[in-house]
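K.L.:
Input query.csv, format and content: CSV, C-alpha atoms and all ligand atoms.
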chain,number,residue,atom,x,y,z
Z,285,MET,CA,152.2,206.5,17.0
Z,286,THR,CA,149.0,206.2,19.0
Z,287,ARG,CA,145.6,205.5,17.4
Z,288,VAL,CA,143.2,208.3,18.2
Z,289,GLN,CA,139.4,207.6,18.4
Z,290,ASN,CA,137.0,210.5,17.9
Z,291,SER,CA,134.4,210.0,20.5
Z,292,ILE,CA,134.4,207.9,23.7
Z,293,THR,CA,132.0,207.6,26.7
Z,294,ALA,CA,133.2,206.8,30.2
Z,295,CYS,CA,131.4,206.5,33.6
Z,296,ALA,CA,132.6,207.0,37.1
Z,297,GLY,CA,131.3,206.9,40.6
Z,298,PRO,CA,131.8,209.8,43.1
Z,299,SER,CA,134.5,209.6,45.8
Z,300,LEU,CA,133.0,210.1,49.3
Z,301,ALA,CA,135.7,211.3,51.7
Z,302,LEU,CA,135.8,209.7,55.2
Z,303,THR,CA,138.7,211.9,56.1
Z,304,LYS,CA,138.6,215.1,54.2
Z,305,TYR,CA,140.8,216.8,51.6
Z,306,TRP,CA,140.2,220.4,52.8
Z,307,GLY,CA,143.0,222.8,52.0
Z,308,LYS,CA,145.6,223.1,49.3
Z,309,THR,CA,149.4,223.7,49.4
Z,310,ALA,CA,150.7,226.7,47.6
Z,311,ASP,CA,152.5,224.7,44.9
Z,312,GLY,CA,150.8,223.0,41.9
Z,313,ILE,CA,147.1,222.7,41.1
Z,314,ASN,CA,145.0,221.1,43.8
Z,315,ILE,CA,147.8,219.6,45.8
Z,316,PRO,CA,146.2,218.7,49.2
Z,317,ALA,CA,147.4,220.1,52.5
Z,318,THR,CA,145.6,217.2,54.2
Z,319,PRO,CA,145.5,213.5,53.6
Z,320,SER,CA,142.1,212.0,52.7
Z,321,LEU,CA,140.5,208.6,52.5
Z,322,GLY,CA,137.7,208.1,50.0
Z,323,ILE,CA,135.2,205.4,49.0
Z,324,THR,CA,134.1,205.3,45.4
Z,325,LEU,CA,130.4,204.9,45.6
Z,326,SER,CA,128.1,202.7,43.5
Z,327,PRO,CA,125.6,202.9,41.9
Z,328,LEU,CA,125.8,206.8,41.7
Z,329,ARG,CA,127.4,207.7,38.4
Z,330,SER,CA,128.6,210.5,36.2
Z,331,THR,CA,128.9,209.8,32.5
Z,332,ALA,CA,131.1,211.8,30.1
Z,333,THR,CA,131.1,211.6,26.3
Z,334,VAL,CA,134.1,213.4,24.8
Z,335,THR,CA,134.5,214.2,21.2
Z,336,LEU,CA,137.7,215.6,19.6
Z,337,THR,CA,137.2,219.0,18.0
Z,338,SER,CA,139.5,221.5,16.3
Z,339,ARG,CA,140.9,223.7,19.0
Z,340,ILE,CA,137.8,224.8,21.0
Z,341,GLN,CA,137.1,223.4,24.4
Z,342,SER,CA,133.4,223.3,25.4
Z,343,ILE,CA,131.5,221.4,28.0
Z,344,THR,CA,127.9,220.8,29.0
Z,345,VAL,CA,126.8,219.3,32.3
Z,346,ASN,CA,123.3,217.9,32.4
Z,347,GLY,CA,122.7,219.7,29.1
Z,348,GLN,CA,123.8,223.1,30.4
Z,349,ALA,CA,126.8,224.9,28.8
Z,350,GLN,CA,129.4,225.5,31.5
Z,351,ASP,CA,131.8,228.4,31.9
Z,352,SER,CA,134.8,226.9,30.2
Z,353,LYS,CA,137.3,228.8,32.5
Z,354,ARG,CA,136.9,226.3,35.3
Z,355,TYR,CA,137.7,223.5,32.8
Z,356,THR,CA,140.6,225.1,31.0
Z,357,PRO,CA,143.5,223.8,33.1
Z,358,PHE,CA,142.2,220.2,32.8
Z,359,PHE,CA,141.6,220.4,29.1
Z,360,GLU,CA,145.0,222.0,28.5
Z,361,ALA,CA,146.7,219.2,30.4
Z,362,ALA,CA,144.6,216.6,28.6
Z,363,ALA,CA,145.4,218.1,25.2
Z,364,LYS,CA,149.2,217.7,25.9
Z,365,LEU,CA,148.6,213.9,25.7
Z,366,PHE,CA,147.9,214.1,22.0
Z,367,GLU,CA,150.5,214.4,19.2
Z,368,HIS,CA,148.6,217.1,17.4
Z,369,PRO,CA,146.8,220.2,18.8
Z,370,THR,CA,143.3,219.3,19.7
Z,371,GLY,CA,140.2,220.5,21.5
Z,372,PHE,CA,137.4,218.7,23.3
Z,373,TYR,CA,133.6,218.8,23.2
Z,374,ALA,CA,132.4,217.1,26.4
Z,375,GLU,CA,128.9,216.2,27.4
Z,376,CYS,CA,128.5,215.2,31.1
Z,377,THR,CA,125.5,213.9,33.0
Z,378,ASN,CA,125.1,212.9,36.6
Z,379,ASP,CA,122.4,210.6,37.8
Z,380,PHE,CA,122.4,212.3,41.2
Z,381,PRO,CA,122.3,216.0,42.2
Z,382,THR,CA,125.1,218.2,40.7
Z,383,SER,CA,127.3,220.6,42.7
Z,384,ALA,CA,125.3,219.9,45.8
Z,385,GLY,CA,127.9,218.3,48.1
Z,386,LEU,CA,127.7,214.8,46.6
Z,387,ALA,CA,131.1,214.9,44.9
Z,388,SER,CA,129.8,215.1,41.3
Z,389,SER,CA,133.0,216.9,40.3
Z,390,SER,CA,135.1,214.0,41.5
Z,391,SER,CA,133.2,211.5,39.3
Z,392,GLY,CA,132.8,214.0,36.4
Z,393,PHE,CA,136.5,214.7,36.0
Z,394,ALA,CA,137.4,211.0,36.6
Z,395,ALA,CA,135.0,210.0,33.7
Z,396,LEU,CA,136.4,212.8,31.5
Z,397,ALA,CA,140.0,211.7,32.2
Z,398,PHE,CA,139.1,208.1,31.3
Z,399,ALA,CA,137.3,209.0,28.1
Z,400,ILE,CA,140.1,211.2,26.9
Z,401,ASN,CA,142.8,208.6,27.8
Z,402,ALA,CA,140.8,206.0,25.9
Z,403,MET,CA,140.7,208.2,22.8
Z,404,ASN,CA,144.4,208.2,23.0
Z,405,SER,CA,144.9,204.4,23.2
Z,406,ASP,CA,145.0,204.3,27.0
Z,407,THR,CA,148.5,205.5,27.2
Z,408,LEU,CA,148.2,206.7,30.8
Z,409,SER,CA,148.7,204.6,34.0
Z,410,LEU,CA,146.1,204.9,36.8
Z,411,LYS,CA,148.6,207.1,38.7
Z,412,ASP,CA,148.8,209.5,35.7
Z,413,LEU,CA,145.0,209.4,35.3
Z,414,SER,CA,144.8,210.4,39.0
Z,415,ARG,CA,147.2,213.3,38.3
Z,416,LEU,CA,145.2,214.4,35.3
Z,417,ALA,CA,141.7,214.2,37.0
Z,418,ARG,CA,143.1,216.1,40.0
Z,419,ILE,CA,143.7,219.1,37.9
Z,420,GLY,CA,140.0,219.3,37.3
Z,421,SER,CA,138.9,218.7,40.8
Z,422,GLY,CA,141.0,217.5,43.8
Z,423,SER,CA,138.7,214.8,44.9
Z,424,ALA,CA,138.7,213.4,41.3
Z,425,ALA,CA,142.3,212.2,42.0
Z,426,ARG,CA,140.6,209.5,44.2
Z,427,ALA,CA,137.6,208.7,41.9
Z,428,VAL,CA,139.8,207.2,39.2
Z,429,TYR,CA,140.0,204.1,41.4
Z,430,GLY,CA,137.3,201.9,42.7
Z,431,GLY,CA,136.9,200.8,46.3
Z,432,PHE,CA,138.9,202.5,49.1
Z,433,VAL,CA,141.4,205.1,48.1
Z,434,THR,CA,144.0,207.2,50.0
Z,435,TRP,CA,145.4,210.5,48.9
Z,436,PRO,CA,148.4,211.5,51.0
Z,437,ALA,CA,149.0,215.2,51.8
Z,438,GLN,CA,151.3,217.0,49.4
Z,439,SER,CA,150.9,214.2,46.8
Z,440,ASP,CA,149.9,214.8,43.2
Z,441,HIS,CA,148.0,211.5,42.9
Z,442,ALA,CA,145.9,209.1,45.0
Z,443,VAL,CA,146.4,205.4,45.5
Z,444,GLN,CA,144.0,202.5,45.9
Z,445,ILE,CA,144.2,200.7,49.2
Z,446,HIS,CA,141.5,198.0,48.6
Z,447,ASP,CA,139.2,197.3,45.8
Z,448,HIS,CA,135.4,197.3,46.3
Z,449,HIS,CA,135.2,193.7,47.4
Z,450,PHE,CA,137.2,194.5,50.6
Z,451,TRP,CA,134.2,195.2,52.9
Z,452,PRO,CA,131.1,193.9,51.2
Z,453,GLU,CA,128.8,194.6,54.2
Z,454,LEU,CA,129.6,198.3,54.3
Z,455,ARG,CA,126.9,200.7,53.1
Z,456,VAL,CA,126.6,204.4,52.7
Z,457,ILE,CA,123.0,205.8,52.8
Z,458,VAL,CA,123.1,209.1,51.0
Z,459,CYS,CA,120.4,211.5,52.3
Z,460,ILE,CA,119.5,214.2,49.9
Z,461,VAL,CA,118.4,217.2,51.9
Z,462,GLU,CA,118.5,219.8,49.2
Z,463,ALA,CA,119.1,219.0,45.5
Z,464,ALA,CA,119.8,222.6,44.4
Z,465,PRO,CA,123.5,223.6,43.7
Z,466,LYS,CA,125.3,225.0,46.7
Z,467,THR,CA,125.8,228.8,47.1
Z,468,MET,CA,129.6,228.6,47.4
Z,469,SER,CA,131.8,226.0,45.7
Z,470,SER,CA,134.2,223.9,47.8
Z,471,ARG,CA,137.0,225.4,45.8
Z,472,GLN,CA,136.1,229.0,47.0
Z,473,ALA,CA,135.3,227.8,50.5
Z,474,MET,CA,138.7,226.0,50.8
Z,475,ASN,CA,140.6,229.1,49.7
Z,476,LEU,CA,138.6,231.4,52.1
Z,477,VAL,CA,139.3,229.0,55.0
Z,478,ARG,CA,143.0,228.9,54.2
Z,479,ASP,CA,143.1,232.7,54.0
Z,480,THR,CA,140.9,233.7,56.9
Z,481,SER,CA,140.1,230.9,59.3
Z,482,PRO,CA,142.1,231.0,62.6
Z,483,TYR,CA,141.4,227.2,62.9
Z,484,TYR,CA,143.1,226.3,59.6
Z,485,THR,CA,146.5,225.5,61.1
Z,486,GLY,CA,145.0,223.3,63.8
Z,487,TRP,CA,142.9,221.5,61.2
Z,488,ILE,CA,145.9,220.7,59.1
Z,489,GLN,CA,148.0,219.6,62.0
Z,490,ASN,CA,145.3,217.2,63.3
Z,491,SER,CA,144.4,215.8,59.9
Z,492,THR,CA,147.2,213.2,59.7
Z,493,LEU,CA,146.3,211.8,63.1
Z,494,LEU,CA,142.7,211.4,62.0
Z,495,HIS,CA,143.7,209.9,58.7
Z,496,ASN,CA,146.0,207.3,60.3
Z,497,ASP,CA,143.1,206.3,62.7
Z,498,ALA,CA,140.8,206.0,59.7
Z,499,LEU,CA,143.3,203.8,57.8
Z,500,ALA,CA,143.7,201.5,60.9
Z,501,ALA,CA,139.9,201.3,61.3
Z,502,LEU,CA,139.5,200.4,57.7
Z,503,GLU,CA,142.1,197.6,57.8
Z,504,ALA,CA,140.3,196.2,60.8
Z,505,ARG,CA,136.9,196.7,59.2
Z,506,ASP,CA,135.9,198.4,62.5
Z,507,LEU,CA,132.9,200.5,61.7
Z,508,GLU,CA,132.7,202.2,65.1
Z,509,LYS,CA,136.3,203.4,65.0
Z,510,LEU,CA,135.9,204.5,61.4
Z,511,GLY,CA,132.6,206.2,62.2
Z,512,VAL,CA,134.1,208.1,65.2
Z,513,THR,CA,137.0,209.3,63.0
Z,514,ALA,CA,134.9,210.2,60.0
Z,515,ARG,CA,132.7,212.4,62.4
Z,516,HIS,CA,135.7,214.1,63.8
Z,517,SER,CA,137.0,214.8,60.3
Z,518,TYR,CA,133.8,216.4,58.9
Z,519,LEU,CA,133.0,218.3,62.1
Z,520,GLN,CA,136.5,219.7,62.3
Z,521,MET,CA,136.3,220.6,58.6
Z,522,PHE,CA,133.0,222.6,59.3
Z,523,GLY,CA,134.7,224.1,62.3
Z,524,THR,CA,137.2,225.8,60.0
Z,525,MET,CA,134.3,227.2,57.9
Z,526,LEU,CA,132.4,228.5,60.9
Z,527,ALA,CA,135.5,230.4,61.9
Z,528,MET,CA,136.3,231.9,58.5
Z,529,SER,CA,135.4,235.4,57.2
Z,530,PRO,CA,132.6,235.6,56.3
Z,531,PRO,CA,131.5,232.5,58.2
Z,532,LEU,CA,129.9,229.7,56.1
Z,533,LEU,CA,127.4,227.0,57.1
Z,534,TYR,CA,126.2,224.7,54.4
Z,535,TRP,CA,123.8,222.9,56.8
Z,536,THR,CA,120.0,223.2,56.7
Z,537,PRO,CA,117.7,222.4,59.6
Z,538,VAL,CA,117.1,219.0,58.0
Z,539,SER,CA,120.9,218.3,57.9
Z,540,ILE,CA,120.9,218.9,61.7
Z,541,GLN,CA,117.8,216.7,62.2
Z,542,LEU,CA,119.7,213.9,60.4
Z,543,ILE,CA,122.8,214.4,62.5
Z,544,GLN,CA,120.7,214.2,65.7
Z,545,LEU,CA,118.8,211.2,64.4
Z,546,ALA,CA,122.0,209.3,63.8
Z,547,GLN,CA,123.0,210.2,67.4
Z,548,THR,CA,119.7,208.9,68.7
Z,549,MET,CA,120.0,205.7,66.7
Z,550,ARG,CA,123.5,205.1,68.1
Z,551,GLU,CA,122.1,205.5,71.6
Z,552,GLN,CA,119.7,202.7,70.7
Z,553,GLY,CA,122.6,200.5,69.7
Z,554,ILE,CA,122.5,201.0,65.9
Z,555,ASP,CA,125.9,201.4,64.4
Z,556,VAL,CA,125.4,204.4,62.2
Z,557,TRP,CA,127.8,207.2,61.6
Z,558,GLU,CA,127.3,210.4,59.6
Z,559,THR,CA,129.6,212.4,57.5
Z,560,MET,CA,129.0,215.5,55.3
Z,561,ASP,CA,130.9,217.4,52.6
Z,562,ALA,CA,130.7,221.0,51.3
Z,563,GLY,CA,126.9,221.0,51.1
Z,564,PRO,CA,123.9,220.2,53.2
Z,565,GLN,CA,123.6,216.4,52.4
Z,566,VAL,CA,124.2,213.8,55.1
Z,567,LYS,CA,125.8,210.4,54.3
Z,568,LEU,CA,125.3,207.6,56.8
Z,569,LEU,CA,127.8,204.8,57.2
Z,570,CYS,CA,126.4,201.5,58.4
Z,571,LEU,CA,126.3,197.8,57.7
Z,572,ASP,CA,124.0,196.1,55.3
Z,573,SER,CA,122.2,194.3,58.2
Z,574,GLU,CA,121.0,197.7,59.6
Z,575,VAL,CA,119.9,199.4,56.4
Z,576,ASP,CA,116.2,198.6,56.7
Z,577,THR,CA,116.0,199.7,60.3
Z,578,ILE,CA,117.8,203.0,59.5
Z,579,MET,CA,115.7,203.7,56.4
Z,580,HIS,CA,112.5,203.0,58.4
Z,581,THR,CA,113.6,205.4,61.2
Z,582,ILE,CA,114.5,208.1,58.7
Z,583,ARG,CA,111.1,207.7,56.9
Z,584,GLU,CA,109.3,207.9,60.2
Z,585,HIS,CA,111.0,211.0,61.5
Z,586,ILE,CA,112.0,213.0,58.4
Z,587,PRO,CA,109.8,211.8,55.5
Z,588,THR,CA,110.8,214.6,53.2
Z,589,VAL,CA,114.4,213.3,52.8
Z,590,THR,CA,115.3,211.3,49.6
Z,591,THR,CA,117.7,208.4,50.4
Z,592,LEU,CA,120.0,206.4,48.1
Z,593,VAL,CA,121.6,203.2,49.4
Z,594,THR,CA,125.2,203.0,48.1
Z,595,GLN,CA,128.3,200.9,48.6
Z,596,ALA,CA,131.9,200.7,47.5
Z,597,GLY,CA,131.9,200.2,43.7
Z,598,PRO,CA,134.4,199.6,41.0
Z,599,GLY,CA,136.5,202.3,39.2
Z,600,PRO,CA,135.5,204.1,36.0
Z,601,CYS,CA,134.5,202.2,32.9
Z,602,VAL,CA,134.8,203.1,29.2
Z,603,THR,CA,132.5,202.4,26.3
Z,604,PRO,CA,133.2,203.3,22.7
Z,605,THR,CA,130.6,205.7,21.2
Z,606,LEU,CA,129.0,204.5,18.0
Z,607,GLN,CA,129.8,206.9,15.1
Z,608,VAL,CA,126.9,207.6,12.8
U,701,LIG,O1,137.4,218.2,44.9
U,701,LIG,P1,136.8,219.4,45.4
U,701,LIG,O2,137.5,220.7,45.0
U,701,LIG,O3,135.3,219.5,45.0
U,701,LIG,O4,136.8,219.4,47.0
U,701,LIG,C1,136.3,218.3,47.7
U,701,LIG,C2,136.1,218.7,49.1
U,701,LIG,C3,135.3,217.8,50.0
U,701,LIG,O5,134.4,217.1,49.3
U,701,LIG,C4,134.6,218.6,51.1
U,701,LIG,C5,136.2,216.8,50.7
U,701,LIG,C6,136.8,215.6,49.9
U,701,LIG,O6,137.8,215.1,50.3
U,701,LIG,O7,136.1,215.2,48.9
Show me this structure written as structure tokens.
P.N.:
Amino acid sequence: MTRVQNSITACAGPSLALTKYWGKTADGINIPATPSLGITLSPLRSTATVTLTSRIQSITVNGQAQDSKRYTPFFEAAAKLFEHPTGFYAECTNDFPTSAGLASSSSGFAALAFAINAMNSDTLSLKDLSRLARIGSGSAARAVYGGFVTWPAQSDHAVQIHDHHFWPELRVIVCIVEAAPKTMSSRQAMNLVRDTSPYYTGWIQNSTLLHNDALAALEARDLEKLGVTARHSYLQMFGTMLAMSPPLLYWTPVSIQLIQLAQTMREQGIDVWETMDAGPQVKLLCLDSEVDTIMHTIREHIPTVTTLVTQAGPGPCVTPTLQV
């Protein structure tokens, strides 16, 4: 018999993809058609406090009640862990913009999965936590681990390759171009791409090649090779969106300015490589030694952009919530 605690808080960092999960297979919930490689970022963080309730599921994100439909499959899977029927009341907060292309759903669902598992005496392995978090949001399958994480195509869970100490000099400068939530969720965009984009098949076919290149570059801690591959991955992903019906472009003029500025910096010998997700934000991969130069260059050319310097961080953590 497991001991059930009533309320638990857990935190997790978002998983930034260097090669992208973009497309789902027909079977299961959020089973990827492409392999992906993620870095769990620190110090960005989502915090989830979960309380057991009678049978109602409800959730707030940054204090706003959410449409529970989106969360139902996750909460139903989580409820099956408990011996008795249960519901959950969850309060989530993000210390970075939500639903804006910064993977807040990856860290949110990873934190939720950890909190719920801790309420149930930590019965799940990391592999099972990855499976559970994936039901909420695909990329959350990666965010249950710290460091560098691979999620093979067709797999129902992700696997850690290296912890966050593997490449201490690596940095990711997150450039926040637009903090407002995006107009179309990655979930909707992914489905439309699969159903309408003539480039979808080519994207899926090429994704394994890119992923293998990225894994080799990571092993060698070769930033240039990793950067070249990460660029191919995000640009090919956006290619599928440009070709879908109706076409979708998350970028803003400032996103393009940042892409071009990274190109200019590379021409000046600075090792900086951008990637983007389903949103307008730009993330710059670089080494610690070049952060100051890059930040100075961004401030000089695009002073309106907010920047956050991040690096690979540990996996989720759990803290018991005091009962009053
Ligand atoms: O986990 P979702 O459904 O929000 O999809 C994530 C999609 C990307 O962020 C664009 C890519 C990825 O691998 O994280």
K.L.:
Check every protein, DNA and RNA residue against ligand LIG 701 (chain U), keep those with an atom at most 8 Å away (counting all atoms listed in the file), and present them as a PyMOL selection string.
P.N.:
chain Z and resi 299-306+314+320-322+385-390+418+421-424+469-471+474+521+560-562
K.L.:
Within 9 Å of range 368-373 of chain Z, counting all atoms listed in the file, which residues show up once you throw out same-chain ones fewer than 2 positions away? Write them as a ChimeraX atom specification, please.
P.N.:
/Z:333-344,359-360,363-366,375,400
K.L.:
Those same residues - C-alpha atoms - I'd like them written as a CSV table (one decimal), in the frame of the given file.
P.N.:
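Contents of the output file part35.csv:
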chain,number,residue,atom,x,y,z
Z,333,THR,CA,131.1,211.6,26.3
Z,334,VAL,CA,134.1,213.4,24.8
Z,335,THR,CA,134.5,214.2,21.2
Z,336,LEU,CA,137.7,215.6,19.6
Z,337,THR,CA,137.2,219.0,18.0
Z,338,SER,CA,139.5,221.5,16.3
Z,339,ARG,CA,140.9,223.7,19.0
Z,340,ILE,CA,137.8,224.8,21.0
Z,341,GLN,CA,137.1,223.4,24.4
Z,342,SER,CA,133.4,223.3,25.4
Z,343,ILE,CA,131.5,221.4,28.0
Z,344,THR,CA,127.9,220.8,29.0
Z,359,PHE,CA,141.6,220.4,29.1
Z,360,GLU,CA,145.0,222.0,28.5
Z,363,ALA,CA,145.4,218.1,25.2
Z,364,LYS,CA,149.2,217.7,25.9
Z,365,LEU,CA,148.6,213.9,25.7
Z,366,PHE,CA,147.9,214.1,22.0
Z,375,GLU,CA,128.9,216.2,27.4
Z,400,ILE,CA,140.1,211.2,26.9
K.L.:
Between CA of Ile582 in chain Z and CA of Leu502 in chain Z, what is the distance, to one decimal in Å?
P.N.:
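Distance reported for this atom pair: 26.2 Å.
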K.L.:
For range 545-553 of chain Z, please output as a PyMOL selection string all residues within 9 Å (counting all atoms listed in the file; exclusion window: fewer than 2 positions along the same chain).
P.N.:
chain Z and resi 540-543+555-558+568+578+581-582+585
K.L.:
For Arg415 in chain Z, which residue among Z:Tyr518, Z:Phe393, Z:Phe380, Z:Tyr483 is the nearest when counting only C-alpha atoms?
P.N.:
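Comparing Z:Tyr518, Z:Phe393, Z:Phe380, Z:Tyr483 against Arg415 in chain Z, the winner is Z:Phe393.
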K.L.:
Which residue out of Z:Leu325, Z:Ala294, Z:Ala437, Z:Ala500 has the minimum interatomic distance to Cys601 in chain Z when all atoms listed in the file are used?
P.N.:
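Of the candidates, the smallest distance to Cys601 in chain Z is held by Z:Ala294.
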K.L.:
Write out as a ChimeraX atom specification which residues come within 12 Å of Trp487 in chain Z when counting all atoms listed in the file, dropping same-chain ones fewer than 2 positions away.
P.N.:
/Z:303-307,317-319,477-478,481-485,489-495,516-525,527
K.L.:
Under the rule that all atoms listed in the file are counted, which of Z:Pro327, Z:Gly420, Z:Gly511, Z:Gly430 is the nearest residue to Ala397 in chain Z?
P.N.:
Z:Gly420
K.L.:
Pick the closest to Ile315 in chain Z from Z:Ala417, Z:Leu410, Z:Ala402, Z:Ala394: which is it, counting only C-alpha atoms?
P.N.:
Z:Ala417
K.L.:
I'd like to know which of Z:Arg354, Z:Arg455, Z:Lys308, Z:Arg583 is closest to Leu476 in chain Z, using only C-alpha atoms.
P.N.:
Z:Lys308
K.L.:
Give me, as a list in words, all polymer residues having an atom no more than 8 Å from range 464-466 of chain Z, counting all atoms listed in the file and skipping those fewer than 6 positions away in the same chain.
P.N.:
Pro381, Thr382, Ser383, Ala384, Gly385, Tyr534 and Gly563 of chain Z
K.L.:
What is the CA of Thr434 in chain Z-CA of His446 in chain Z distance in Å, reported with one decimal?
P.N.:
9.6 Å
K.L.:
Find the residue from Z:Glu462, Z:Asp440, Z:Glu453, Z:Asp497 that sits nearest to Leu569 in chain Z; use only C-alpha atoms when measuring.
P.N.:
Z:Glu453
K.L.:
Please provide as an NGL selection string all residues within 9 Å of Ser391 in chain Z, with the sequence filter that same-chain residues fewer than 5 positions apart are discarded (counting only C-alpha atoms).
P.N.:
:Z and (295-299 or 324 or 329-331 or 378 or 396 or 423-424 or 427-428 or 600)
K.L.:
Interatomic distance between CA of Ile419 in chain Z and CA of Ala361 in chain Z?
P.N.:
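Those two atoms sit 8.1 Å apart.
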K.L.:
Please complete range 532-544 of chain Z so it has N, CA, C and O atoms, and hand it over as a PDB file, in the coordinates of the input.
P.N.:
ATOM      1  N   LEU Z 532     130.694 230.482  57.053  1.00  0.00           N
ATOM      2  CA  LEU Z 532     129.900 229.700  56.100  1.00  0.00           C
ATOM      3  C   LEU Z 532     129.317 228.492  56.786  1.00  0.00           C
ATOM      4  O   LEU Z 532     130.048 227.771  57.467  1.00  0.00           O
ATOM      5  N   LEU Z 533     128.026 228.271  56.590  1.00  0.00           N
ATOM      6  CA  LEU Z 533     127.400 227.000  57.100  1.00  0.00           C
ATOM      7  C   LEU Z 533     126.537 226.461  55.988  1.00  0.00           C
ATOM      8  O   LEU Z 533     125.549 227.061  55.589  1.00  0.00           O
ATOM      9  N   TYR Z 534     126.933 225.285  55.480  1.00  0.00           N
ATOM     10  CA  TYR Z 534     126.200 224.700  54.400  1.00  0.00           C
ATOM     11  C   TYR Z 534     124.925 223.934  54.936  1.00  0.00           C
ATOM     12  O   TYR Z 534     124.086 223.510  54.171  1.00  0.00           O
ATOM     13  N   TRP Z 535     124.870 223.713  56.234  1.00  0.00           N
ATOM     14  CA  TRP Z 535     123.800 222.900  56.800  1.00  0.00           C
ATOM     15  C   TRP Z 535     122.466 223.536  56.713  1.00  0.00           C
ATOM     16  O   TRP Z 535     122.356 224.759  56.809  1.00  0.00           O
ATOM     17  N   THR Z 536     121.413 222.725  56.614  1.00  0.00           N
ATOM     18  CA  THR Z 536     120.000 223.200  56.700  1.00  0.00           C
ATOM     19  C   THR Z 536     119.454 222.577  58.011  1.00  0.00           C
ATOM     20  O   THR Z 536     120.063 221.662  58.578  1.00  0.00           O
ATOM     21  N   PRO Z 537     118.274 223.023  58.445  1.00  0.00           N
ATOM     22  CA  PRO Z 537     117.700 222.400  59.600  1.00  0.00           C
ATOM     23  C   PRO Z 537     117.512 220.867  59.437  1.00  0.00           C
ATOM     24  O   PRO Z 537     117.664 220.101  60.387  1.00  0.00           O
ATOM     25  N   VAL Z 538     117.272 220.417  58.187  1.00  0.00           N
ATOM     26  CA  VAL Z 538     117.100 219.000  58.000  1.00  0.00           C
ATOM     27  C   VAL Z 538     118.459 218.245  58.115  1.00  0.00           C
ATOM     28  O   VAL Z 538     118.506 217.115  58.620  1.00  0.00           O
ATOM     29  N   SER Z 539     119.558 218.907  57.716  1.00  0.00           N
ATOM     30  CA  SER Z 539     120.900 218.300  57.900  1.00  0.00           C
ATOM     31  C   SER Z 539     121.041 218.028  59.439  1.00  0.00           C
ATOM     32  O   SER Z 539     121.480 216.944  59.859  1.00  0.00           O
ATOM     33  N   ILE Z 540     120.696 219.025  60.246  1.00  0.00           N
ATOM     34  CA  ILE Z 540     120.900 218.900  61.700  1.00  0.00           C
ATOM     35  C   ILE Z 540     119.956 217.819  62.267  1.00  0.00           C
ATOM     36  O   ILE Z 540     120.361 217.018  63.115  1.00  0.00           O
ATOM     37  N   GLN Z 541     118.728 217.760  61.736  1.00  0.00           N
ATOM     38  CA  GLN Z 541     117.800 216.700  62.200  1.00  0.00           C
ATOM     39  C   GLN Z 541     118.430 215.319  61.929  1.00  0.00           C
ATOM     40  O   GLN Z 541     118.335 214.424  62.760  1.00  0.00           O
ATOM     41  N   LEU Z 542     119.068 215.167  60.758  1.00  0.00           N
ATOM     42  CA  LEU Z 542     119.700 213.900  60.400  1.00  0.00           C
ATOM     43  C   LEU Z 542     120.867 213.561  61.324  1.00  0.00           C
ATOM     44  O   LEU Z 542     121.047 212.425  61.768  1.00  0.00           O
ATOM     45  N   ILE Z 543     121.673 214.590  61.619  1.00  0.00           N
ATOM     46  CA  ILE Z 543     122.800 214.400  62.500  1.00  0.00           C
ATOM     47  C   ILE Z 543     122.304 213.918  63.885  1.00  0.00           C
ATOM     48  O   ILE Z 543     122.833 212.986  64.496  1.00  0.00           O
ATOM     49  N   GLN Z 544     121.238 214.582  64.349  1.00  0.00           N
ATOM     50  CA  GLN Z 544     120.700 214.200  65.700  1.00  0.00           C
ATOM     51  C   GLN Z 544     120.034 212.843  65.646  1.00  0.00           C
ATOM     52  O   GLN Z 544     120.118 212.081  66.609  1.00  0.00           O
TER      53      GLN Z 544
END
